[in-house]
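Student: Provided below: start.cif, containing mmCIF, C-alpha atoms.
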data_work
#
loop_
_atom_site.label_atom_id
_atom_site.label_comp_id
_atom_site.auth_asym_id
_atom_site.auth_seq_id
_atom_site.Cartn_x
_atom_site.Cartn_y
_atom_site.Cartn_z
CA MET A 344 132.68 219.21 93.44
CA SER A 345 130.52 222.00 92.05
CA GLY A 346 126.86 221.60 91.19
CA GLN A 347 127.72 222.15 87.56
CA ASP A 348 130.29 219.34 87.62
CA SER A 349 127.83 217.01 89.32
CA THR A 350 125.18 217.79 86.72
CA ALA A 351 127.62 217.01 83.93
CA LEU A 352 128.42 213.65 85.52
CA GLN A 353 124.74 212.82 85.88
CA ASP A 354 124.13 213.75 82.25
CA SER A 355 126.97 211.46 81.18
CA VAL A 356 125.46 208.60 83.17
CA ARG A 357 122.05 209.07 81.61
CA ASP A 358 123.46 209.41 78.10
CA GLU A 359 125.44 206.19 78.44
CA GLN A 360 122.46 204.32 79.82
CA GLN A 361 120.32 205.60 76.97
CA ARG A 362 122.82 204.23 74.46
CA TRP A 363 122.55 200.78 75.99
CA GLN A 364 118.86 200.87 76.91
CA GLU A 365 117.57 198.60 74.17
CA ARG A 366 120.12 195.92 74.96
CA LEU A 367 119.35 196.18 78.68
CA LEU A 368 115.66 195.63 78.05
CA GLN A 369 116.44 192.73 75.73
CA LEU A 370 118.51 191.22 78.55
CA SER A 371 115.62 191.49 81.00
CA ARG A 372 113.18 189.90 78.55
CA SER A 373 115.61 187.14 77.62
CA LEU A 374 116.27 186.21 81.25
CA HIS A 375 112.54 186.18 81.88
CA ALA A 376 111.95 183.85 78.93
CA GLU A 377 114.47 181.26 80.19
CA PRO A 378 114.17 181.07 83.98
CA GLU A 379 116.77 179.01 85.82
CA LEU A 380 116.85 177.81 89.41
CA ALA A 381 119.40 178.34 92.17
CA PHE A 382 123.00 177.40 91.31
CA ALA A 383 121.90 176.33 87.81
CA GLU A 384 121.71 179.79 86.21
CA HIS A 385 124.27 179.03 83.50
CA ARG A 386 122.48 180.58 80.52
CA SER A 387 121.54 183.59 82.63
CA VAL A 388 125.15 184.21 83.65
CA GLU A 389 126.25 183.90 80.04
CA LYS A 390 123.71 186.51 78.95
CA VAL A 391 124.58 188.97 81.72
CA THR A 392 128.33 188.66 81.38
CA GLU A 393 128.19 188.86 77.58
CA LEU A 394 126.60 192.30 77.83
CA LEU A 395 129.02 193.45 80.51
CA GLY A 396 131.95 192.26 78.45
CA ALA A 397 130.63 194.17 75.43
CA ALA A 398 130.55 197.27 77.65
CA GLY A 399 134.24 196.94 78.49
CA PHE A 400 134.04 195.22 81.87
CA ALA A 401 136.69 192.68 82.83
CA VAL A 402 134.63 189.60 83.67
CA GLU A 403 135.92 186.89 85.99
CA PRO A 404 134.20 183.68 87.13
CA GLY A 405 133.26 183.30 90.76
CA PRO A 406 134.74 180.80 93.22
CA ASP A 407 134.98 177.21 92.00
CA ASP A 408 132.33 176.06 94.45
CA VAL A 409 129.88 178.79 93.40
CA PRO A 410 129.98 178.21 89.64
CA THR A 411 127.17 180.58 88.64
CA ALA A 412 128.72 183.59 90.40
CA PHE A 413 130.91 186.14 88.64
CA THR A 414 132.50 189.56 89.02
CA ALA A 415 132.86 192.27 86.37
CA VAL A 416 135.00 195.38 86.95
CA ARG A 417 135.66 198.71 85.26
CA GLY A 418 137.57 201.72 86.54
CA SER A 419 140.21 202.12 89.21
CA GLY A 420 140.51 203.80 92.57
CA GLU A 421 140.25 203.14 96.28
CA PHE A 422 136.45 203.57 96.30
CA THR A 423 134.60 200.50 94.95
CA VAL A 424 130.88 200.54 94.23
CA GLY A 425 129.50 196.99 94.36
CA ILE A 426 126.30 196.40 92.39
CA CYS A 427 124.63 193.06 93.01
CA ALA A 428 122.89 191.19 90.21
CA GLU A 429 120.44 188.39 90.95
CA TYR A 430 119.11 186.09 88.24
CA ASP A 431 117.71 182.92 89.78
CA ALA A 432 114.02 182.08 89.39
CA LEU A 433 111.41 180.16 91.33
CA PRO A 434 110.30 176.56 90.69
CA GLU A 435 107.27 176.29 88.41
CA ILE A 436 106.45 180.02 88.34
CA GLY A 437 109.66 181.40 86.84
CA HIS A 438 110.68 185.01 87.46
CA ALA A 439 107.89 185.66 89.94
CA CYS A 440 110.28 187.75 92.02
CA GLY A 441 111.50 189.77 89.06
CA HIS A 442 115.17 188.86 89.22
CA ASN A 443 115.37 189.48 85.48
CA ILE A 444 114.66 193.13 86.34
CA ILE A 445 117.25 193.09 89.12
CA ALA A 446 119.97 191.76 86.81
CA ALA A 447 119.21 194.16 83.96
CA ALA A 448 119.01 197.15 86.30
CA ALA A 449 122.34 196.17 87.88
CA VAL A 450 124.00 195.97 84.48
CA GLY A 451 122.44 199.29 83.46
CA ALA A 452 123.59 201.00 86.65
CA ALA A 453 127.12 199.67 86.20
CA ILE A 454 127.36 200.71 82.54
CA GLY A 455 126.12 204.22 83.32
CA LEU A 456 128.44 204.59 86.30
CA ALA A 457 131.43 203.24 84.39
CA ALA A 458 131.13 206.16 81.98
CA VAL A 459 132.20 208.53 84.78
CA ALA A 460 134.37 206.14 86.82
CA ASP A 461 137.65 207.78 85.84
CA GLU A 462 136.38 211.25 86.69
CA LEU A 463 135.13 210.05 90.06
CA GLY A 464 138.15 207.86 90.80
CA ILE A 465 136.09 204.76 91.48
CA ARG A 466 135.91 201.09 90.60
CA VAL A 467 132.58 199.71 89.48
CA LYS A 468 132.18 196.07 90.44
CA VAL A 469 129.19 194.01 89.38
CA ILE A 470 128.81 190.94 91.57
CA GLY A 471 126.74 188.14 90.09
CA THR A 472 125.01 186.54 93.06
CA PRO A 473 123.23 183.23 92.39
CA ALA A 474 120.67 181.41 94.49
CA GLU A 475 119.01 184.27 96.35
CA GLU A 476 115.67 182.47 96.55
CA HIS A 477 117.18 179.38 98.12
CA GLY A 478 120.85 178.78 98.81
CA GLY A 479 122.26 182.08 100.06
CA GLY A 480 124.62 182.91 97.21
CA LYS A 481 125.64 186.24 98.75
CA VAL A 482 126.42 184.56 102.06
CA LEU A 483 128.77 182.18 100.28
CA LEU A 484 130.43 185.04 98.39
CA LEU A 485 130.85 187.03 101.59
CA GLU A 486 132.60 184.06 103.18
CA ARG A 487 134.89 183.74 100.17
CA GLY A 488 135.98 187.38 100.25
CA ILE A 489 134.19 188.63 97.14
CA PHE A 490 132.89 191.68 99.02
CA ASP A 491 136.17 192.46 100.82
CA ASP A 492 137.12 195.24 98.39
CA VAL A 493 133.62 196.76 98.19
CA THR A 494 133.17 200.19 99.81
CA VAL A 495 129.39 200.45 99.33
CA ALA A 496 126.91 197.98 97.86
CA MET A 497 123.52 198.31 96.21
CA MET A 498 120.81 196.59 94.25
CA VAL A 499 117.16 197.27 93.49
CA HIS A 500 114.20 194.90 93.83
CA PRO A 501 110.91 195.11 91.91
CA GLY A 502 107.66 195.25 93.81
CA GLN A 503 104.21 196.80 93.73
CA ALA A 504 105.23 200.21 95.06
CA ASP A 505 108.06 202.69 95.05
CA VAL A 506 109.06 203.17 98.67
CA HIS A 507 111.84 204.96 100.49
CA PRO A 508 114.56 202.40 101.21
CA ALA A 509 114.33 203.23 104.90
CA THR A 510 110.84 201.66 104.97
CA PHE A 511 111.83 198.59 102.95
CA ALA A 512 112.61 195.92 105.54
CA SER A 513 113.21 192.19 105.38
CA GLN A 514 113.16 189.39 107.91
CA ALA A 515 116.01 187.28 109.12
CA VAL A 516 115.33 183.64 108.36
CA SER A 517 116.73 180.29 109.47
CA ARG A 518 115.89 177.20 107.43
CA PHE A 519 116.53 173.68 108.67
CA ALA A 520 115.35 170.08 108.42
CA VAL A 521 114.27 167.92 111.34
CA THR A 522 114.59 164.17 110.83
CA TYR A 523 112.83 161.68 113.08
CA GLU A 524 114.02 158.06 113.14
CA GLY A 525 111.66 155.39 114.48
CA ARG A 526 111.18 151.67 113.86
CA ALA A 527 109.18 150.15 111.04
CA SER A 528 106.63 147.43 111.73
CA HIS A 529 103.56 145.87 110.13
CA ALA A 530 100.72 148.30 110.76
CA ALA A 531 98.14 145.52 111.15
CA ALA A 532 100.04 142.51 112.49
CA ALA A 533 102.43 144.19 114.92
CA PRO A 534 101.78 147.95 115.25
CA HIS A 535 102.85 147.81 118.90
CA GLN A 536 106.37 146.90 117.83
CA GLY A 537 106.81 150.02 115.72
CA ILE A 538 107.96 153.53 116.60
CA ASN A 539 106.03 155.86 114.34
CA ALA A 540 108.28 158.63 113.06
CA ALA A 541 105.34 160.25 111.25
CA ASP A 542 103.56 160.62 114.60
CA ALA A 543 106.51 162.66 115.83
CA ALA A 544 106.03 165.05 112.92
CA VAL A 545 102.31 165.35 113.66
CA VAL A 546 102.89 166.15 117.33
CA ALA A 547 105.46 168.78 116.36
CA GLN A 548 103.08 170.39 113.87
CA VAL A 549 100.30 170.58 116.44
CA ALA A 550 102.65 172.11 119.02
CA ILE A 551 103.90 174.68 116.51
CA GLY A 552 100.34 175.50 115.51
CA LEU A 553 99.56 176.26 119.14
CA LEU A 554 102.80 178.23 119.51
CA ARG A 555 101.69 180.56 116.70
CA GLN A 556 99.07 181.97 119.08
CA GLN A 557 101.82 183.20 121.36
CA ILE A 558 104.20 184.92 118.94
CA THR A 559 104.19 188.51 117.75
CA GLY A 560 102.56 189.34 114.44
CA ASP A 561 105.85 190.17 112.71
CA CYS A 562 107.24 186.65 113.16
CA ARG A 563 106.60 183.69 110.89
CA ILE A 564 106.96 179.91 111.10
CA GLY A 565 106.61 177.83 107.95
CA LEU A 566 107.03 174.11 107.45
CA PHE A 567 106.05 171.08 105.39
CA VAL A 568 106.53 167.33 105.78
CA ARG A 569 108.99 166.28 103.09
CA GLU A 570 108.94 162.60 104.02
CA GLY A 571 106.47 160.76 106.21
CA GLY A 572 105.95 157.18 105.12
CA ALA A 573 105.34 155.25 101.91
CA VAL A 574 102.37 152.89 102.37
CA THR A 575 99.54 152.46 104.86
CA ASN A 576 100.51 149.02 106.12
CA ILE A 577 104.00 149.93 107.34
CA ILE A 578 104.61 152.04 110.43
CA PRO A 579 106.83 154.87 109.08
CA GLU A 580 110.37 154.54 110.36
CA LYS A 581 111.44 157.96 109.13
CA SER A 582 109.95 161.41 108.70
CA VAL A 583 111.56 164.66 107.61
CA VAL A 584 110.11 168.11 108.24
CA ASP A 585 111.50 171.21 106.49
CA CYS A 586 111.01 174.35 108.57
CA GLU A 587 111.82 178.05 108.47
CA VAL A 588 111.64 180.67 111.23
CA ARG A 589 111.52 184.41 110.49
CA ALA A 590 111.68 187.63 112.48
CA PHE A 591 112.81 191.18 111.77
CA ASP A 592 116.14 190.78 113.53
CA VAL A 593 118.48 187.87 114.09
CA GLU A 594 118.14 187.95 117.88
CA SER A 595 114.34 187.65 117.81
CA MET A 596 114.54 184.94 115.18
CA SER A 597 117.01 182.92 117.27
CA ALA A 598 114.79 183.21 120.34
CA LEU A 599 111.76 182.03 118.38
CA GLN A 600 113.72 179.15 116.90
CA GLU A 601 114.49 177.88 120.40
CA ARG A 602 110.75 177.69 121.09
CA VAL A 603 110.13 175.95 117.77
CA MET A 604 112.82 173.39 118.55
CA ALA A 605 111.07 172.61 121.82
CA CYS A 606 108.00 171.70 119.76
CA PHE A 607 110.03 169.37 117.59
CA ASP A 608 111.57 167.83 120.71
CA ALA A 609 108.04 167.21 122.01
CA GLY A 610 107.36 165.13 118.90
CA ALA A 611 110.37 162.97 119.58
CA ARG A 612 109.52 162.52 123.26
CA ALA A 613 105.88 161.68 122.60
CA SER A 614 106.58 159.13 119.88
CA GLY A 615 109.82 157.62 121.11
CA ALA A 616 111.61 158.53 117.89
CA THR A 617 115.09 159.99 117.84
CA MET A 618 115.57 163.44 116.35
CA SER A 619 118.35 165.16 114.42
CA VAL A 620 118.50 168.69 112.99
CA GLU A 621 120.57 170.16 110.17
CA PRO A 622 120.50 173.54 108.45
CA THR A 623 119.33 173.41 104.84
CA GLU A 624 120.51 176.90 103.86
CA PRO A 625 122.69 179.67 105.25
CA LEU A 626 121.03 182.02 107.72
CA TYR A 627 119.69 185.19 106.07
CA ALA A 628 120.08 188.35 108.16
CA ASP A 629 117.70 191.30 108.25
CA LEU A 630 118.32 194.31 105.98
CA VAL A 631 120.19 197.38 107.21
CA GLN A 632 119.60 200.27 104.79
CA ASP A 633 122.29 202.96 104.81
CA PRO A 634 120.56 206.30 105.59
CA ALA A 635 122.67 208.55 103.35
CA MET A 636 122.38 206.35 100.29
CA SER A 637 118.69 205.72 101.02
CA ASP A 638 117.87 209.43 100.96
CA ARG A 639 119.74 209.99 97.73
CA PHE A 640 118.16 207.02 96.01
CA ALA A 641 114.70 208.19 97.06
CA ALA A 642 115.41 211.67 95.70
CA HIS A 643 116.44 210.29 92.32
CA ILE A 644 113.37 208.04 92.15
CA GLU A 645 111.12 211.02 92.79
CA ALA A 646 113.04 213.09 90.23
CA SER A 647 112.26 210.40 87.64
CA GLY A 648 108.56 211.13 88.08
CA ARG A 649 107.70 208.26 90.39
CA GLU A 650 105.81 208.81 93.64
CA LEU A 651 107.05 207.23 96.83
CA SER A 652 104.32 205.31 98.63
CA GLU A 653 103.22 206.69 101.99
CA THR A 654 102.73 203.17 103.30
CA HIS A 655 105.47 200.87 104.49
CA GLY A 656 107.43 198.89 101.99
CA LEU A 657 108.09 195.17 102.20
CA ARG A 658 107.13 193.82 105.62
CA GLY A 659 107.94 190.20 105.12
CA GLY A 660 110.19 188.00 103.09
CA SER A 661 113.93 187.63 103.36
CA THR A 662 117.03 188.27 101.28
CA ASP A 663 120.68 187.36 101.54
CA MET A 664 121.41 191.02 100.77
CA GLY A 665 120.69 191.40 104.48
CA ASN A 666 123.94 189.60 105.22
CA VAL A 667 125.83 191.95 102.92
CA SER A 668 124.22 194.98 104.58
CA HIS A 669 125.54 193.93 107.99
CA VAL A 670 129.08 194.04 106.59
CA VAL A 671 129.07 196.68 103.83
CA PRO A 672 127.02 199.94 103.82
CA SER A 673 124.18 199.01 101.48
CA ILE A 674 120.81 199.83 100.00
CA HIS A 675 118.21 197.37 98.71
CA PRO A 676 115.23 199.54 97.71
CA SER A 677 111.97 198.58 96.05
CA ILE A 678 110.97 199.89 92.64
CA ALA A 679 107.44 199.46 91.36
CA ILE A 680 106.22 197.56 88.37
CA ILE A 681 103.60 200.26 88.07
CA GLY A 682 100.07 198.90 87.83
CA CYS A 683 100.95 195.37 88.94
CA GLU A 684 98.10 194.02 91.07
CA PHE A 685 99.88 190.89 92.22
CA PRO A 686 102.47 190.45 94.98
CA PRO A 687 105.83 188.77 94.31
CA HIS A 688 105.99 184.97 94.19
CA THR A 689 102.75 184.71 92.21
CA ARG A 690 102.07 183.89 88.58
CA GLY A 691 100.59 187.33 88.14
CA PHE A 692 103.80 189.03 89.25
CA ALA A 693 105.82 186.74 86.96
CA ALA A 694 103.72 187.87 84.00
CA ALA A 695 104.10 191.53 85.03
CA ALA A 696 107.91 191.17 85.11
CA ALA A 697 107.96 191.08 81.29
CA THR A 698 105.81 194.11 80.48
CA PRO A 699 106.50 197.73 79.52
CA ALA A 700 106.06 198.63 83.21
CA ALA A 701 108.84 196.16 84.05
CA ASP A 702 111.02 197.74 81.37
CA ALA A 703 110.44 201.13 83.02
CA ALA A 704 111.54 199.65 86.36
CA VAL A 705 114.80 198.51 84.74
CA VAL A 706 115.48 201.96 83.28
CA ASP A 707 114.53 203.98 86.35
CA GLY A 708 116.17 201.58 88.81
CA ALA A 709 119.43 201.59 86.88
CA ALA A 710 119.47 205.38 86.72
CA ALA A 711 118.66 205.89 90.40
CA MET A 712 121.38 203.47 91.53
CA ALA A 713 124.04 204.99 89.29
CA LEU A 714 123.16 208.55 90.28
CA THR A 715 123.15 207.59 93.95
CA ALA A 716 126.67 206.24 93.54
CA VAL A 717 127.73 209.46 91.80
CA ASP A 718 126.34 211.50 94.71
CA VAL A 719 128.20 209.42 97.28
CA ALA A 720 131.51 209.27 95.44
CA ALA A 721 131.46 212.99 94.56
CA ASP A 722 130.63 214.18 98.09
CA PRO A 723 133.99 214.58 99.90
CA VAL A 724 132.50 214.07 103.35
CA LEU A 725 130.44 211.00 102.48
CA ARG A 726 133.21 209.52 100.38
CA GLN A 727 135.72 209.78 103.22
CA LYS A 728 133.22 208.43 105.73
CA PHE A 729 132.66 205.28 103.68
CA LEU A 730 136.38 204.90 102.96
CA ASP A 731 137.20 205.18 106.66
CA GLU A 732 134.56 202.57 107.49
CA HIS A 733 135.99 200.28 104.83
CA VAL A 734 139.51 200.60 106.24
CA ALA A 735 138.23 199.91 109.76
CA ARG A 736 136.31 196.88 108.53
CA ARG A 737 139.33 195.45 106.73
CA SER A 738 141.54 196.08 109.76
CA SER A 739 139.15 194.25 112.05
CA THR A 740 139.17 191.15 109.84
CA THR A 741 142.91 191.06 109.10
CA PRO A 742 144.81 188.55 111.26
CA ALA A 743 147.38 190.09 113.59
#
Now, as a test, write the supplied structure out as structure tokens.
Tutor:
Amino acid sequence: MSGQDSTALQDSVRDEQQRWQERLLQLSRSLHAEPELAFAEHRSVEKVTELLGAAGFAVEPGPDDVPTAFTAVRGSGEFTVGICAEYDALPEIGHACGHNIIAAAAVGAAIGLAAVADELGIRVKVIGTPAEEHGGGKVLLLERGIFDDVTVAMMVHPGQADVHPATFASQAVSRFAVTYEGRASHAAAAPHQGINAADAAVVAQVAIGLLRQQITGDCRIGLFVREGGAVTNIIPEKSVVDCEVRAFDVESMSALQERVMACFDAGARASGATMSVEPTEPLYADLVQDPAMSDRFAAHIEASGRELSETHGLRGGSTDMGNVSHVVPSIHPSIAIIGCEFPPHTRGFAAAAATPAADAAVVDGAAAMALTAVDVAADPVLRQKFLDEHVARRSSTTPA
């Protein structure tokens, strides 16, 4: 495709996005005003899909067991661009991770790209992915085949800086609950007859605290005691500890989790309680950013007038987009809410996610994603590379 043709496609994308810009920003503000938690994002889904439907997308509900998921498709062709929309919020502090921006930017990218889908011979598929904060919506959708027809995938995440996707990393995380079962007894009359399940939790916490001295600085262990007794005069017969283990790749995370489990086992052995473990959420994998798409996204961000930060991007936190990126060539870059002084998951960031700077992140993020997809689909070499990878991936998962 000639440079002139590519420029015309890019102009068409921008023109279409400009036509819808006010409604996209209204969507972002409306989502922000009514935050909803994981797997309960019913109003949010209605708002997002209403706008996509108005833009000519064929909207379908997600799997029955993931009721706040959806797909929305325009265009046809063997090359499918998957754009992920997130819209869940955090307890008590609302859209403190800016998922209202993510959803609006995804819709904006899809609408702009759909304007040139026929010329590029592509399908544009918006995938509504619930429960990113807790619940692993994308993991569930991967397992149910929603990404099987996707050639490349993308989304954009708000933050405090614009960074090259190659420097925007996330940690793998495993979340689980450890339950100790002991024996209740009167704490004054017969304490010797009890088996204190809360003591098991204390021993485990002390052991994990000591373990933290011996792990590398890029790993994290977080926990809290969800249940540990009810009154002072009864030896607690049950305690429950919620825990998460993070590292920048699944292998390191799994190795660290083995050491953490030894600490929990120490609590059981020391107290005499029995111990059981169950996962509380799907495992989140680390992010793998596709190099070709990363470079093109970064170029479009810089062309919009933003400056890429010289420092590293996100060096902590986790996302279920990591799981997608291990299966489908993907990007998950950071776009700045310019001037925001607060990191994500704070009240300050939540307030910043409904400001003119947040609106600018929606507009610029939507444009950069759509133009990146145009670059990839219009480049014969890159297009064929991704198509070949898609065919190989489908072949490897098709039963003989």
Student: Write out as a tab-separated table a residue-level contact list of region 572-593 of chain A versus region 503-516 of chain A with cut-off 8 Å: for each qualifying residue the closest pair of atoms and the distance in Å to one decimal, counting only C-alpha atoms, rows sorted by chain and residue number upward.
Tutor:
residue	atom	partner	partner_atom	distance
A:Glu587	CA	A:Val516	CA	6.6
A:Val588	CA	A:Val516	CA	5.5
A:Arg589	CA	A:Val516	CA	4.4
A:Ala590	CA	A:Gln514	CA	5.1
A:Phe591	CA	A:Gln514	CA	4.3
A:Asp592	CA	A:Ala515	CA	5.6
A:Val593	CA	A:Ala515	CA	5.6
Student: Export, as a short mmCIF file (atom, residue, chain, number, x, y, z; two decimals), in the coordinates of the input, the selected residues with C-alpha atoms.
Tutor:
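The new file part17.cif reads:
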data_model
loop_
_atom_site.label_atom_id
_atom_site.label_comp_id
_atom_site.auth_asym_id
_atom_site.auth_seq_id
_atom_site.Cartn_x
_atom_site.Cartn_y
_atom_site.Cartn_z
CA GLU A 587 111.82 178.05 108.47
CA VAL A 588 111.64 180.67 111.23
CA ARG A 589 111.52 184.41 110.49
CA ALA A 590 111.68 187.63 112.48
CA PHE A 591 112.81 191.18 111.77
CA ASP A 592 116.14 190.78 113.53
CA VAL A 593 118.48 187.87 114.09
#
Student: Any chance you could work out the residue set of the PyMOL selection byres ((chain A and resi 666) around 9) here, as a ChimeraX atom specification?
Tutor: /A:481-482,485,626-631,662-665,667-671
Student: What gap, in Å, lies between CA of Cys586 (chain A) and CA of Ala547 (chain A)?
Tutor: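 Those two atoms sit 11.1 Å apart.
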Student: So, counting all atoms listed in the file, which residue among A:Glu486, A:Ala543, A:Gly502, A:Ala697 is closest to Ala376 (chain A)?
Tutor: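 When distances to Ala376 (chain A) are compared using all atoms listed in the file, the smallest one comes from A:Ala697.
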Student: List the residues matched by the PyMOL selection byres ((chain A and resi 429) around 6) in the displayed structure as a PyMOL selection string, ordered by chain and then by residue number.
Tutor: chain A and resi 428+430+442+445-446+472
Student: Residues picked by the PyMOL selection byres ((chain A and resi 640) around 10) here, as a compact mmCIF listing (two decimals) with C-alpha atoms, in the frame of the given file?
Tutor:
# COMPACT_ATOMS: atom_id res chain seq x y z
CA HIS A 507 111.84 204.96 100.49
CA PRO A 508 114.56 202.40 101.21
CA PRO A 634 120.56 206.30 105.59
CA ALA A 635 122.67 208.55 103.35
CA MET A 636 122.38 206.35 100.29
CA SER A 637 118.69 205.72 101.02
CA ASP A 638 117.87 209.43 100.96
CA ARG A 639 119.74 209.99 97.73
CA ALA A 641 114.70 208.19 97.06
CA ALA A 642 115.41 211.67 95.70
CA HIS A 643 116.44 210.29 92.32
CA ILE A 644 113.37 208.04 92.15
CA GLU A 645 111.12 211.02 92.79
CA ALA A 646 113.04 213.09 90.23
CA ILE A 674 120.81 199.83 100.00
CA PRO A 676 115.23 199.54 97.71
CA GLY A 708 116.17 201.58 88.81
CA ALA A 710 119.47 205.38 86.72
CA ALA A 711 118.66 205.89 90.40
CA MET A 712 121.38 203.47 91.53
CA ALA A 713 124.04 204.99 89.29
CA LEU A 714 123.16 208.55 90.28
CA THR A 715 123.15 207.59 93.95
CA ALA A 716 126.67 206.24 93.54
CA ASP A 718 126.34 211.50 94.71
Student: Kindly give the distance, in Å, that separates CA of Arg737 (chain A) and CA of Asp491 (chain A), rounded to a single decimal.
Tutor: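 We find that CA of Arg737 (chain A) and CA of Asp491 (chain A) lie 7.3 Å from each other.
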Student: Let me make sure I understand: among A:Ile577, A:Val493, A:Ile564, A:Ala709, which one has the smallest atom-to-atom distance to Ala527 (chain A) if we use only C-alpha atoms?
Tutor: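 Among the listed residues, A:Ile577 lies closest to Ala527 (chain A).
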Student: So that I can check the surroundings of Met604 (chain A), please list as JSON, numbers by chain every protein, DNA and RNA residue that reaches within 12 Å of it, counting all atoms listed in the file and ignoring chain neighbours fewer than 4 positions away.
Tutor: {"A": [519, 520, 521, 547, 548, 550, 551, 554, 564, 584, 586, 587, 588, 597, 598, 599, 600, 608, 609, 610, 611, 618, 619, 620, 621]}
Student: How far is it from CA of His385 (chain A) to CA of Phe685 (chain A), in Å with one decimal?
Tutor: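 Going from CA of His385 (chain A) over to CA of Phe685 (chain A) covers 28.5 Å.
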Student: Considering only C-alpha atoms, return as a ChimeraX atom specification whatever protein or nucleic-acid residues lie within 7 Å of region 463-469 of chain A, sequence-local ones (same chain, fewer than 6 positions apart) excluded.
Tutor: /A:414-428,453,457,720-721
Student: Just checking: using all atoms listed in the file, which residue out of A:Val450, A:Pro434, A:Ser371, A:Ser528 ends up closest to Gly396 (chain A)?
Tutor: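 Closest residue, counting all atoms listed in the file: A:Val450.
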Student: Can you pull out the residues contacting region 358-366 of chain A? Cut-off 7 Å, using all atoms listed in the file, and skip same-chain residues under 3 positions away; I want them as a ChimeraX atom specification.
Tutor: /A:354-355,369-370,451,454-455,458
Student: Could you check the closest approach to Ala616 (chain A) for each of A:Glu594, A:Asp707, A:Glu524, A:Glu379 and tell me which residue wins, using all atoms listed in the file?
Tutor: A:Glu524
Student: Write out as a PDB file with C-alpha atoms, in the coordinates of the input each polymer residue whose atoms come within 10 Å of Ala383 (chain A), counting only C-alpha atoms; drop sequence neighbours fewer than 3 positions from it.
Tutor:
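Written output follows (result_36.pdb):
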ATOM      1  CA  PRO A 378     114.170 181.070  83.980  1.00  0.00           C
ATOM      2  CA  GLU A 379     116.770 179.010  85.820  1.00  0.00           C
ATOM      3  CA  LEU A 380     116.850 177.810  89.410  1.00  0.00           C
ATOM      4  CA  ARG A 386     122.480 180.580  80.520  1.00  0.00           C
ATOM      5  CA  SER A 387     121.540 183.590  82.630  1.00  0.00           C
ATOM      6  CA  VAL A 388     125.150 184.210  83.650  1.00  0.00           C
ATOM      7  CA  PRO A 410     129.980 178.210  89.640  1.00  0.00           C
ATOM      8  CA  THR A 411     127.170 180.580  88.640  1.00  0.00           C
ATOM      9  CA  ASP A 431     117.710 182.920  89.780  1.00  0.00           C
ATOM     10  CA  ALA A 432     114.020 182.080  89.390  1.00  0.00           C
ATOM     11  CA  PRO A 473     123.230 183.230  92.390  1.00  0.00           C
ATOM     12  CA  ALA A 474     120.670 181.410  94.490  1.00  0.00           C
TER      13      ALA A 474
END
Student: Go through A:Gly441, A:Gly480, A:Gly405, A:Pro579 one by one, measure the shortest atom-to-atom distance of each to Ala530 (chain A) using only C-alpha atoms, and give the residue with the smallest value.
Tutor: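 Checking each of A:Gly441, A:Gly480, A:Gly405, A:Pro579 against Ala530 (chain A), counting only C-alpha atoms, the winner is A:Pro579.
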Student: Out of A:Ser739, A:Gln556, A:Ser673, A:Thr522, which residue has the shortest atom-to-atom distance to Val719 (chain A) when counting only C-alpha atoms?
Tutor: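 Smallest distance to Val719 (chain A) is found for A:Ser673.
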Student: Could you please fill out region 464-470 of chain A with N, CA, C and O atoms and send it back as an mmCIF file, keeping the file's coordinate frame?
Tutor:
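Below is the file that was written, part06.cif:
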data_model
loop_
_atom_site.group_PDB
_atom_site.id
_atom_site.type_symbol
_atom_site.label_atom_id
_atom_site.label_comp_id
_atom_site.auth_asym_id
_atom_site.auth_seq_id
_atom_site.Cartn_x
_atom_site.Cartn_y
_atom_site.Cartn_z
ATOM 1 N N GLY A 464 137.113 208.644 90.122
ATOM 2 C CA GLY A 464 138.150 207.860 90.800
ATOM 3 C C GLY A 464 137.578 206.671 91.526
ATOM 4 O O GLY A 464 137.906 206.428 92.696
ATOM 5 N N ILE A 465 136.737 205.905 90.842
ATOM 6 C CA ILE A 465 136.090 204.760 91.480
ATOM 7 C C ILE A 465 136.232 203.514 90.623
ATOM 8 O O ILE A 465 136.483 203.587 89.417
ATOM 9 N N ARG A 466 136.077 202.365 91.284
ATOM 10 C CA ARG A 466 135.910 201.090 90.600
ATOM 11 C C ARG A 466 134.431 200.726 90.641
ATOM 12 O O ARG A 466 133.766 200.922 91.656
ATOM 13 N N VAL A 467 133.950 200.218 89.538
ATOM 14 C CA VAL A 467 132.580 199.710 89.480
ATOM 15 C C VAL A 467 132.665 198.198 89.399
ATOM 16 O O VAL A 467 133.278 197.649 88.475
ATOM 17 N N LYS A 468 132.070 197.522 90.362
ATOM 18 C CA LYS A 468 132.180 196.070 90.440
ATOM 19 C C LYS A 468 130.785 195.451 90.466
ATOM 20 O O LYS A 468 130.040 195.618 91.434
ATOM 21 N N VAL A 469 130.439 194.767 89.397
ATOM 22 C CA VAL A 469 129.190 194.010 89.380
ATOM 23 C C VAL A 469 129.469 192.636 89.969
ATOM 24 O O VAL A 469 130.424 191.961 89.565
ATOM 25 N N ILE A 470 128.640 192.240 90.923
ATOM 26 C CA ILE A 470 128.810 190.940 91.570
ATOM 27 C C ILE A 470 127.593 190.093 91.220
ATOM 28 O O ILE A 470 126.466 190.413 91.617
#
